[in-house]
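So this one's structure.cif, mmCIF, C-alpha atoms:
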data_coords
loop_
_atom_site.group_PDB
_atom_site.id
_atom_site.type_symbol
_atom_site.label_atom_id
_atom_site.label_comp_id
_atom_site.auth_asym_id
_atom_site.auth_seq_id
_atom_site.Cartn_x
_atom_site.Cartn_y
_atom_site.Cartn_z
ATOM 1 C CA MET A 1 104.596 32.584 15.486
ATOM 2 C CA SER A 2 102.777 29.575 16.850
ATOM 3 C CA LEU A 3 99.057 28.994 16.657
ATOM 4 C CA ALA A 4 98.594 29.789 20.357
ATOM 5 C CA HIS A 5 100.350 33.115 19.906
ATOM 6 C CA LEU A 6 98.112 33.898 16.931
ATOM 7 C CA PHE A 7 94.991 33.205 19.005
ATOM 8 C CA SER A 8 96.465 35.219 21.855
ATOM 9 C CA THR A 9 97.062 38.182 19.555
ATOM 10 C CA VAL A 10 93.506 37.994 18.231
ATOM 11 C CA LEU A 11 92.078 37.850 21.771
ATOM 12 C CA LEU A 12 94.220 40.740 23.011
ATOM 13 C CA GLY A 13 93.294 42.819 19.951
ATOM 14 C CA THR A 14 89.590 42.100 20.452
ATOM 15 C CA GLY A 15 89.897 43.033 24.112
ATOM 16 C CA ALA A 16 91.624 46.302 23.263
ATOM 17 C CA ALA A 17 88.952 47.100 20.656
ATOM 18 C CA MET A 18 86.265 46.349 23.274
ATOM 19 C CA LEU A 19 87.892 48.737 25.720
ATOM 20 C CA ILE A 20 88.029 51.503 23.099
ATOM 21 C CA ILE A 21 84.368 50.919 22.216
ATOM 22 C CA GLY A 22 83.487 51.033 25.904
ATOM 23 C CA SER A 23 85.388 54.285 26.409
ATOM 24 C CA VAL A 24 83.603 55.871 23.465
ATOM 25 C CA GLY A 25 80.327 54.649 24.946
ATOM 26 C CA ILE A 26 81.087 56.185 28.340
ATOM 27 C CA ASN A 27 81.729 59.524 26.649
ATOM 28 C CA ARG A 28 78.946 59.496 24.092
ATOM 29 C CA PHE A 29 75.950 57.768 25.698
ATOM 30 C CA PRO A 30 73.308 60.225 26.846
ATOM 31 C CA HIS A 31 72.342 59.069 30.325
ATOM 32 C CA PHE A 32 73.887 57.686 33.499
ATOM 33 C CA TYR A 33 72.476 54.167 33.181
ATOM 34 C CA SER A 34 73.443 53.738 29.544
ATOM 35 C CA ARG A 35 76.955 54.942 30.373
ATOM 36 C CA LEU A 36 77.084 52.469 33.216
ATOM 37 C CA HIS A 37 76.059 49.774 30.752
ATOM 38 C CA ALA A 38 78.950 50.702 28.466
ATOM 39 C CA ALA A 39 81.410 50.794 31.359
ATOM 40 C CA GLY A 40 80.372 47.716 33.299
ATOM 41 C CA VAL A 41 79.577 45.201 30.571
ATOM 42 C CA VAL A 42 82.510 46.090 28.351
ATOM 43 C CA ASP A 43 84.867 46.132 31.327
ATOM 44 C CA THR A 44 84.049 42.564 32.290
ATOM 45 C CA VAL A 45 84.192 41.207 28.741
ATOM 46 C CA ALA A 46 87.395 43.052 27.812
ATOM 47 C CA ALA A 47 89.143 41.932 31.000
ATOM 48 C CA GLY A 48 88.093 38.349 30.258
ATOM 49 C CA LEU A 49 89.435 38.576 26.703
ATOM 50 C CA PHE A 50 92.711 40.080 27.909
ATOM 51 C CA LEU A 51 93.216 37.365 30.518
ATOM 52 C CA ALA A 52 92.382 34.617 28.016
ATOM 53 C CA GLY A 53 94.871 36.123 25.570
ATOM 54 C CA LEU A 54 97.572 36.287 28.230
ATOM 55 C CA ALA A 55 96.854 32.717 29.347
ATOM 56 C CA LEU A 56 97.340 31.515 25.761
ATOM 57 C CA TYR A 57 100.514 33.580 25.386
ATOM 58 C CA PHE A 58 102.319 31.786 28.229
ATOM 59 C CA ASP A 59 102.859 28.054 28.484
ATOM 60 C CA PRO A 60 100.296 26.272 30.699
ATOM 61 C CA GLY A 61 101.391 26.307 34.306
ATOM 62 C CA LEU A 62 101.185 28.393 37.452
ATOM 63 C CA VAL A 63 100.644 31.556 35.384
ATOM 64 C CA THR A 64 97.484 30.075 33.866
ATOM 65 C CA VAL A 65 96.095 29.259 37.315
ATOM 66 C CA LYS A 66 96.856 32.769 38.558
ATOM 67 C CA LEU A 67 95.202 34.351 35.511
ATOM 68 C CA LEU A 68 92.173 32.104 36.042
ATOM 69 C CA LEU A 69 91.977 33.286 39.663
ATOM 70 C CA VAL A 70 92.207 36.930 38.555
ATOM 71 C CA PHE A 71 89.408 36.245 36.062
ATOM 72 C CA VAL A 72 87.189 34.659 38.727
ATOM 73 C CA PHE A 73 87.656 37.631 41.068
ATOM 74 C CA LEU A 74 87.024 40.147 38.284
ATOM 75 C CA LEU A 75 83.918 38.188 37.328
ATOM 76 C CA PHE A 76 82.606 38.704 40.865
ATOM 77 C CA THR A 77 83.789 42.218 41.639
ATOM 78 C CA SER A 78 83.225 44.105 38.400
ATOM 79 C CA PRO A 79 79.465 43.424 38.078
ATOM 80 C CA THR A 80 79.079 43.985 41.825
ATOM 81 C CA ALA A 81 80.680 47.419 41.600
ATOM 82 C CA CYS A 82 78.426 48.209 38.633
ATOM 83 C CA HIS A 83 75.389 46.991 40.563
ATOM 84 C CA ALA A 84 76.320 49.084 43.605
ATOM 85 C CA LEU A 85 76.679 52.200 41.431
ATOM 86 C CA ALA A 86 73.349 51.656 39.702
ATOM 87 C CA ARG A 87 71.592 50.890 42.979
ATOM 88 C CA ALA A 88 73.044 53.965 44.664
ATOM 89 C CA ALA A 89 71.894 56.133 41.744
ATOM 90 C CA TYR A 90 68.425 54.556 41.750
ATOM 91 C CA SER A 91 67.892 54.861 45.478
ATOM 92 C CA SER A 92 68.968 58.506 45.409
ATOM 93 C CA GLY A 93 66.220 59.244 42.885
ATOM 94 C CA LEU A 94 67.880 59.218 39.441
ATOM 95 C CA ARG A 95 65.447 57.848 36.839
ATOM 96 C CA GLU A 96 65.876 56.921 33.172
ATOM 97 C CA PRO A 97 64.430 59.704 30.959
ATOM 98 C CA ALA A 98 61.253 58.787 29.045
ATOM 99 C CA ALA A 99 61.575 57.309 25.532
ATOM 100 C CA GLY A 100 62.158 59.980 22.897
ATOM 101 C CA ASP A 101 63.695 62.372 25.389
ATOM 102 C CA ASP A 102 67.151 62.905 23.855
ATOM 103 C CA ARG A 103 69.048 64.656 26.570
ATOM 104 C CA MET B 104 73.039 50.010 52.269
ATOM 105 C CA SER B 105 72.981 47.212 54.797
ATOM 106 C CA ASP B 106 69.895 45.638 53.173
ATOM 107 C CA ASP B 107 71.650 45.064 49.843
ATOM 108 C CA LEU B 108 71.748 41.303 49.281
ATOM 109 C CA ILE B 109 74.217 41.145 46.355
ATOM 110 C CA LEU B 110 76.744 43.467 47.970
ATOM 111 C CA ARG B 111 76.524 41.600 51.256
ATOM 112 C CA ILE B 112 77.019 38.163 49.690
ATOM 113 C CA VAL B 113 79.921 39.251 47.472
ATOM 114 C CA SER B 114 81.566 41.089 50.364
ATOM 115 C CA LYS B 115 81.249 38.066 52.637
ATOM 116 C CA PHE B 116 82.990 36.035 49.974
ATOM 117 C CA LEU B 117 85.635 38.666 49.191
ATOM 118 C CA ILE B 118 86.697 39.942 52.620
ATOM 119 C CA PRO B 119 88.463 36.712 53.715
ATOM 120 C CA VAL B 120 90.231 36.605 50.342
ATOM 121 C CA ILE B 121 91.373 40.223 50.747
ATOM 122 C CA VAL B 122 92.711 39.476 54.226
ATOM 123 C CA LEU B 123 94.491 36.377 52.918
ATOM 124 C CA PHE B 124 96.038 38.358 50.080
ATOM 125 C CA GLY B 125 97.142 41.051 52.539
ATOM 126 C CA LEU B 126 98.906 38.436 54.663
ATOM 127 C CA TYR B 127 100.496 37.002 51.496
ATOM 128 C CA VAL B 128 101.830 40.445 50.558
ATOM 129 C CA GLN B 129 103.111 40.833 54.110
ATOM 130 C CA PHE B 130 104.986 37.554 54.365
ATOM 131 C CA HIS B 131 106.089 37.422 50.737
ATOM 132 C CA GLY B 132 107.437 40.981 50.898
ATOM 133 C CA GLU B 133 110.889 39.692 51.652
ATOM 134 C CA TYR B 134 111.159 37.897 48.308
ATOM 135 C CA GLY B 135 108.815 39.716 45.954
ATOM 136 C CA PRO B 136 106.831 42.906 45.549
ATOM 137 C CA GLY B 137 105.087 43.795 48.766
ATOM 138 C CA GLY B 138 105.920 44.638 52.338
ATOM 139 C CA GLY B 139 104.405 46.029 55.471
ATOM 140 C CA PHE B 140 102.875 49.212 54.112
ATOM 141 C CA GLN B 141 101.132 47.560 51.170
ATOM 142 C CA ALA B 142 99.920 44.691 53.325
ATOM 143 C CA GLY B 143 98.592 47.139 55.894
ATOM 144 C CA VAL B 144 96.672 49.058 53.258
ATOM 145 C CA ILE B 145 95.163 45.849 51.857
ATOM 146 C CA LEU B 146 94.129 44.657 55.327
ATOM 147 C CA ALA B 147 92.621 48.061 56.087
ATOM 148 C CA SER B 148 90.727 47.987 52.779
ATOM 149 C CA ALA B 149 89.086 44.720 53.857
ATOM 150 C CA LEU B 150 87.927 46.413 57.050
ATOM 151 C CA ILE B 151 86.727 49.492 55.133
ATOM 152 C CA LEU B 152 84.713 47.279 52.767
ATOM 153 C CA TYR B 153 83.152 45.654 55.827
ATOM 154 C CA LEU B 154 82.413 49.106 57.234
ATOM 155 C CA LEU B 155 80.788 50.320 53.989
ATOM 156 C CA VAL B 156 78.568 47.268 53.561
ATOM 157 C CA PHE B 157 77.682 46.292 57.128
ATOM 158 C CA GLY B 158 77.828 49.631 58.920
ATOM 159 C CA SER B 159 79.586 51.242 61.851
ATOM 160 C CA ALA B 160 78.087 49.120 64.620
ATOM 161 C CA ALA B 161 79.102 45.818 63.020
ATOM 162 C CA VAL B 162 82.692 46.881 62.383
ATOM 163 C CA ARG B 163 83.041 48.212 65.928
ATOM 164 C CA ALA B 164 81.865 44.851 67.206
ATOM 165 C CA VAL B 165 84.676 43.183 65.226
ATOM 166 C CA VAL B 166 87.478 45.622 66.109
ATOM 167 C CA PRO B 167 86.813 48.157 68.888
ATOM 168 C CA LEU B 168 88.307 51.622 68.429
ATOM 169 C CA ALA B 169 90.449 51.302 71.574
ATOM 170 C CA TRP B 170 91.947 48.091 70.192
ATOM 171 C CA LEU B 171 92.907 49.846 66.961
ATOM 172 C CA ARG B 172 94.552 52.693 68.902
ATOM 173 C CA TRP B 173 96.605 50.202 70.907
ATOM 174 C CA GLN B 174 97.563 48.390 67.701
ATOM 175 C CA ALA B 175 98.684 51.618 65.996
ATOM 176 C CA ALA B 176 100.907 52.460 68.960
ATOM 177 C CA PHE B 177 102.193 48.897 69.319
ATOM 178 C CA GLY B 178 103.435 48.853 65.705
ATOM 179 C CA VAL B 179 105.559 51.942 66.297
ATOM 180 C CA VAL B 180 106.858 50.458 69.556
ATOM 181 C CA LEU B 181 107.783 47.242 67.741
ATOM 182 C CA TYR B 182 109.640 49.189 65.028
ATOM 183 C CA ALA B 183 111.504 51.438 67.443
ATOM 184 C CA GLY B 184 112.033 48.564 69.882
ATOM 185 C CA THR B 185 113.803 46.548 67.189
ATOM 186 C CA GLY B 186 116.072 49.541 66.611
ATOM 187 C CA MET B 187 116.736 49.929 70.330
ATOM 188 C CA ALA B 188 117.402 46.197 70.647
ATOM 189 C CA THR B 189 120.077 46.408 67.957
ATOM 190 C CA LEU B 190 121.586 49.381 69.816
ATOM 191 C CA LEU B 191 121.619 47.416 73.089
ATOM 192 C CA LEU B 192 123.200 44.412 71.369
ATOM 193 C CA GLY B 193 126.091 46.595 70.261
ATOM 194 C CA GLY B 194 125.138 47.503 66.719
ATOM 195 C CA GLU B 195 123.849 50.697 65.179
ATOM 196 C CA PHE B 196 120.152 51.682 65.096
ATOM 197 C CA LEU B 197 118.305 49.059 62.989
ATOM 198 C CA GLU B 198 121.495 47.162 62.184
ATOM 199 C CA TYR B 199 119.683 43.807 62.020
ATOM 200 C CA GLY B 200 122.811 41.646 61.728
ATOM 201 C CA VAL B 201 123.440 41.670 65.468
ATOM 202 C CA LEU B 202 119.962 40.292 66.345
ATOM 203 C CA ALA B 203 121.091 36.663 65.943
ATOM 204 C CA ALA B 204 124.364 34.763 66.103
ATOM 205 C CA ASP B 205 124.308 34.450 62.302
ATOM 206 C CA PRO B 206 124.136 37.922 60.629
ATOM 207 C CA VAL B 207 121.958 36.622 57.749
ATOM 208 C CA ALA B 208 119.468 35.085 60.187
ATOM 209 C CA GLY B 209 119.545 38.334 62.159
ATOM 210 C CA GLN B 210 118.711 40.326 59.048
ATOM 211 C CA HIS B 211 115.769 37.999 58.301
ATOM 212 C CA LEU B 212 114.467 38.424 61.842
ATOM 213 C CA GLY B 213 114.954 42.200 61.788
ATOM 214 C CA ILE B 214 113.152 42.701 58.469
ATOM 215 C CA ILE B 215 110.239 40.522 59.578
ATOM 216 C CA LEU B 216 109.863 42.401 62.889
ATOM 217 C CA ILE B 217 110.075 45.822 61.229
ATOM 218 C CA GLU B 218 107.565 44.927 58.526
ATOM 219 C CA LEU B 219 105.226 43.482 61.135
ATOM 220 C CA GLY B 220 105.364 46.792 63.008
ATOM 221 C CA VAL B 221 104.699 48.763 59.822
ATOM 222 C CA MET B 222 101.757 46.522 58.913
ATOM 223 C CA LEU B 223 100.158 46.826 62.362
ATOM 224 C CA THR B 224 100.452 50.603 62.438
ATOM 225 C CA VAL B 225 99.419 51.264 58.831
ATOM 226 C CA SER B 226 96.411 48.924 58.861
ATOM 227 C CA SER B 227 95.071 50.185 62.174
ATOM 228 C CA THR B 228 95.655 53.868 61.367
ATOM 229 C CA ILE B 229 93.866 53.682 58.005
ATOM 230 C CA ALA B 230 91.010 51.650 59.487
ATOM 231 C CA LEU B 231 90.795 54.116 62.386
ATOM 232 C CA LEU B 232 90.599 57.091 59.987
ATOM 233 C CA ALA B 233 87.793 55.440 58.011
ATOM 234 C CA MET B 234 85.881 54.509 61.164
ATOM 235 C CA LEU B 235 86.174 58.019 62.585
ATOM 236 C CA PHE B 236 84.948 59.488 59.286
ATOM 237 C CA ALA B 237 81.984 57.098 59.356
ATOM 238 C CA GLY B 238 81.063 58.427 62.787
ATOM 239 C CA GLU B 239 79.142 56.894 65.653
ATOM 240 C CA PRO B 240 76.723 54.052 64.833
ATOM 241 C CA ASP B 241 73.025 54.971 64.684
ATOM 242 C CA GLN B 242 71.208 54.510 67.968
ATOM 243 C CA SER B 243 68.063 53.157 66.269
#

Exercise: express the given structure as structure tokens:
Amino acid sequence: MSLAHLFSTVLLGTGAAMLIIGSVGINRFPHFYSRLHAAGVVDTVAAGLFLAGLALYFDPGLVTVKLLLVFVFLLFTSPTACHALARAAYSSGLREPAAGDDR
Amino acid sequence: MSDDLILRIVSKFLIPVIVLFGLYVQFHGEYGPGGGFQAGVILASALILYLLVFGSAAVRAVVPLAWLRWQAAFGVVLYAGTGMATLLLGGEFLEYGVLAADPVAGQHLGIILIELGVMLTVSSTIALLAMLFAGEPDQS
């Protein structure tokens, strides 16, 4: 196992762990906005880690460029989708509960 | 949601890329994963994104409903016409080999024509469904 493969394994493992943490967060967080935080932030980071791990796994070449392109598009679209969700919820009247309100 | 700056900017940047990718799927479908149906869906999704962000009036200014109806019918005509052309040239229905002097070239031509017809019909039908669901643009 070469050094690049070792790094790739570490990155893929971290990405998978991130996704699991994010899924637990989506299920366990109390309110819409905190769940959105778990989903959106973790999604972007985990996808980035996965793509970096895959880029290291293959030899540099066309695959690396394609993965970089996928990363750029995810970097734009994922936060935008999150933003659109949050904005739609906010403009339809959903507010964060006051501090100490554990619903 | 037409006053949403972030959505508008990201959509403006993304819609050309979606259309480009749809055309790539269309014309690469002969050699790799893809084809007319998938390309049509991707092209329609670009139009639906435009509809969601910019509203009914804007999307109808880009592609009028009547134009989409013609396009949906024209795709079917192209598909069936290719089949009828092969019949008239002495082959069976959709036997592409007879379309050109060289059977391999004929098959290339036939596949491209058929997939073009599928893409035109699928993209315009899906876009038409979304636009009809969205309803008439506001008069205000």

Taking (95.8, 39.0, 47.0) in the file's own coordinates, collect the residues within 12 Å, counting only C-alpha atoms, and hand them back as a compact mmCIF listing (two decimals) with C-alpha atoms, in the coordinates of the input.
# COMPACT_ATOMS: atom_id res chain seq x y z
CA LYS A 66 96.86 32.77 38.56
CA LEU A 69 91.98 33.29 39.66
CA VAL A 70 92.21 36.93 38.56
CA PHE A 73 87.66 37.63 41.07
CA LEU B 117 85.64 38.67 49.19
CA ILE B 118 86.70 39.94 52.62
CA PRO B 119 88.46 36.71 53.72
CA VAL B 120 90.23 36.60 50.34
CA ILE B 121 91.37 40.22 50.75
CA VAL B 122 92.71 39.48 54.23
CA LEU B 123 94.49 36.38 52.92
CA PHE B 124 96.04 38.36 50.08
CA GLY B 125 97.14 41.05 52.54
CA LEU B 126 98.91 38.44 54.66
CA TYR B 127 100.50 37.00 51.50
CA VAL B 128 101.83 40.44 50.56
CA GLN B 129 103.11 40.83 54.11
CA PHE B 130 104.99 37.55 54.36
CA HIS B 131 106.09 37.42 50.74
CA PRO B 136 106.83 42.91 45.55
CA GLY B 137 105.09 43.80 48.77
CA GLN B 141 101.13 47.56 51.17
CA ALA B 142 99.92 44.69 53.32
CA VAL B 144 96.67 49.06 53.26
CA ILE B 145 95.16 45.85 51.86
CA LEU B 146 94.13 44.66 55.33
CA SER B 148 90.73 47.99 52.78
CA ALA B 149 89.09 44.72 53.86

Counting all atoms listed in the file, figure out which residue out of B:Arg163, B:His211, B:Arg172, B:Arg111 gets nearest to chain A.
->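 Among B:Arg163, B:His211, B:Arg172, B:Arg111, it is B:Arg111 that comes nearest to chain A.
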
Using all atoms listed in the file, which chain A residues lie at most 8 Å away from chain B, written as a list of chain:residue names?
->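 Residues of chain A within 8 Å of chain B, counting all atoms listed in the file: A:Phe76, A:Thr77, A:Thr80, A:Ala84.
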
Figure out the distance between atom CA of Ala39 of chain A and atom CA of Ala88 of chain A, please, to one decimal in Å.
-> 16.0 Å

Which residues come within 8 Å of segment 1-15 of chain A, counting all atoms listed in the file, excluding same-chain residues fewer than 3 positions away, as a VMD selection string?
-> chain A and resid 18 to 19 45 to 50 52 to 57

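For the atom pair formed by atom CA of Ala17 of chain A and atom CA of Phe29 of chain A, the distance is 17.6 Å, given to one decimal.
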
Given the PyMOL selection byres ((chain B and resi 155-158) around 8), the residues it picks as number ranges by chain | B: 104-105, 110-111, 114, 151-154, 159-162, 240

Given the PyMOL selection byres ((chain B and resi 216) around 12), the residues it picks as a VMD selection string = chain B and resid 129 to 130 133 138 to 139 177 to 186 188 197 199 202 209 to 215 217 to 223

Enclose the full set of atoms of segment 80-83 of chain A listed in the file within a box whose edges lie along x, y and z, apply 3 Å of padding to each of the six sides, and report centre and edge lengths in Å to one decimal as AutoDock Vina command-line options.
--center_x 78.0 --center_y 46.1 --center_z 40.2 --size_x 11.3 --size_y 10.2 --size_z 9.2

Contacts of Arg35 of chain A at 12 Å (all atoms listed in the file; same-chain gap of 6+ positions) as a PyMOL selection string | chain A and resi 21-29+41-43+82+85-86+96

Do you have the atom CA of Phe32 of chain A-atom CA of Ile20 of chain A distance handy?
-> 18.6 Å

Selected residue of minimal separation from Ala230 of chain B among B:Trp170, B:Gly135, B:Lys115, B:Ala204, counting all atoms listed in the file |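 Looking only at the distances to Ala230 of chain B, the closest residue turns out to be B:Trp170.
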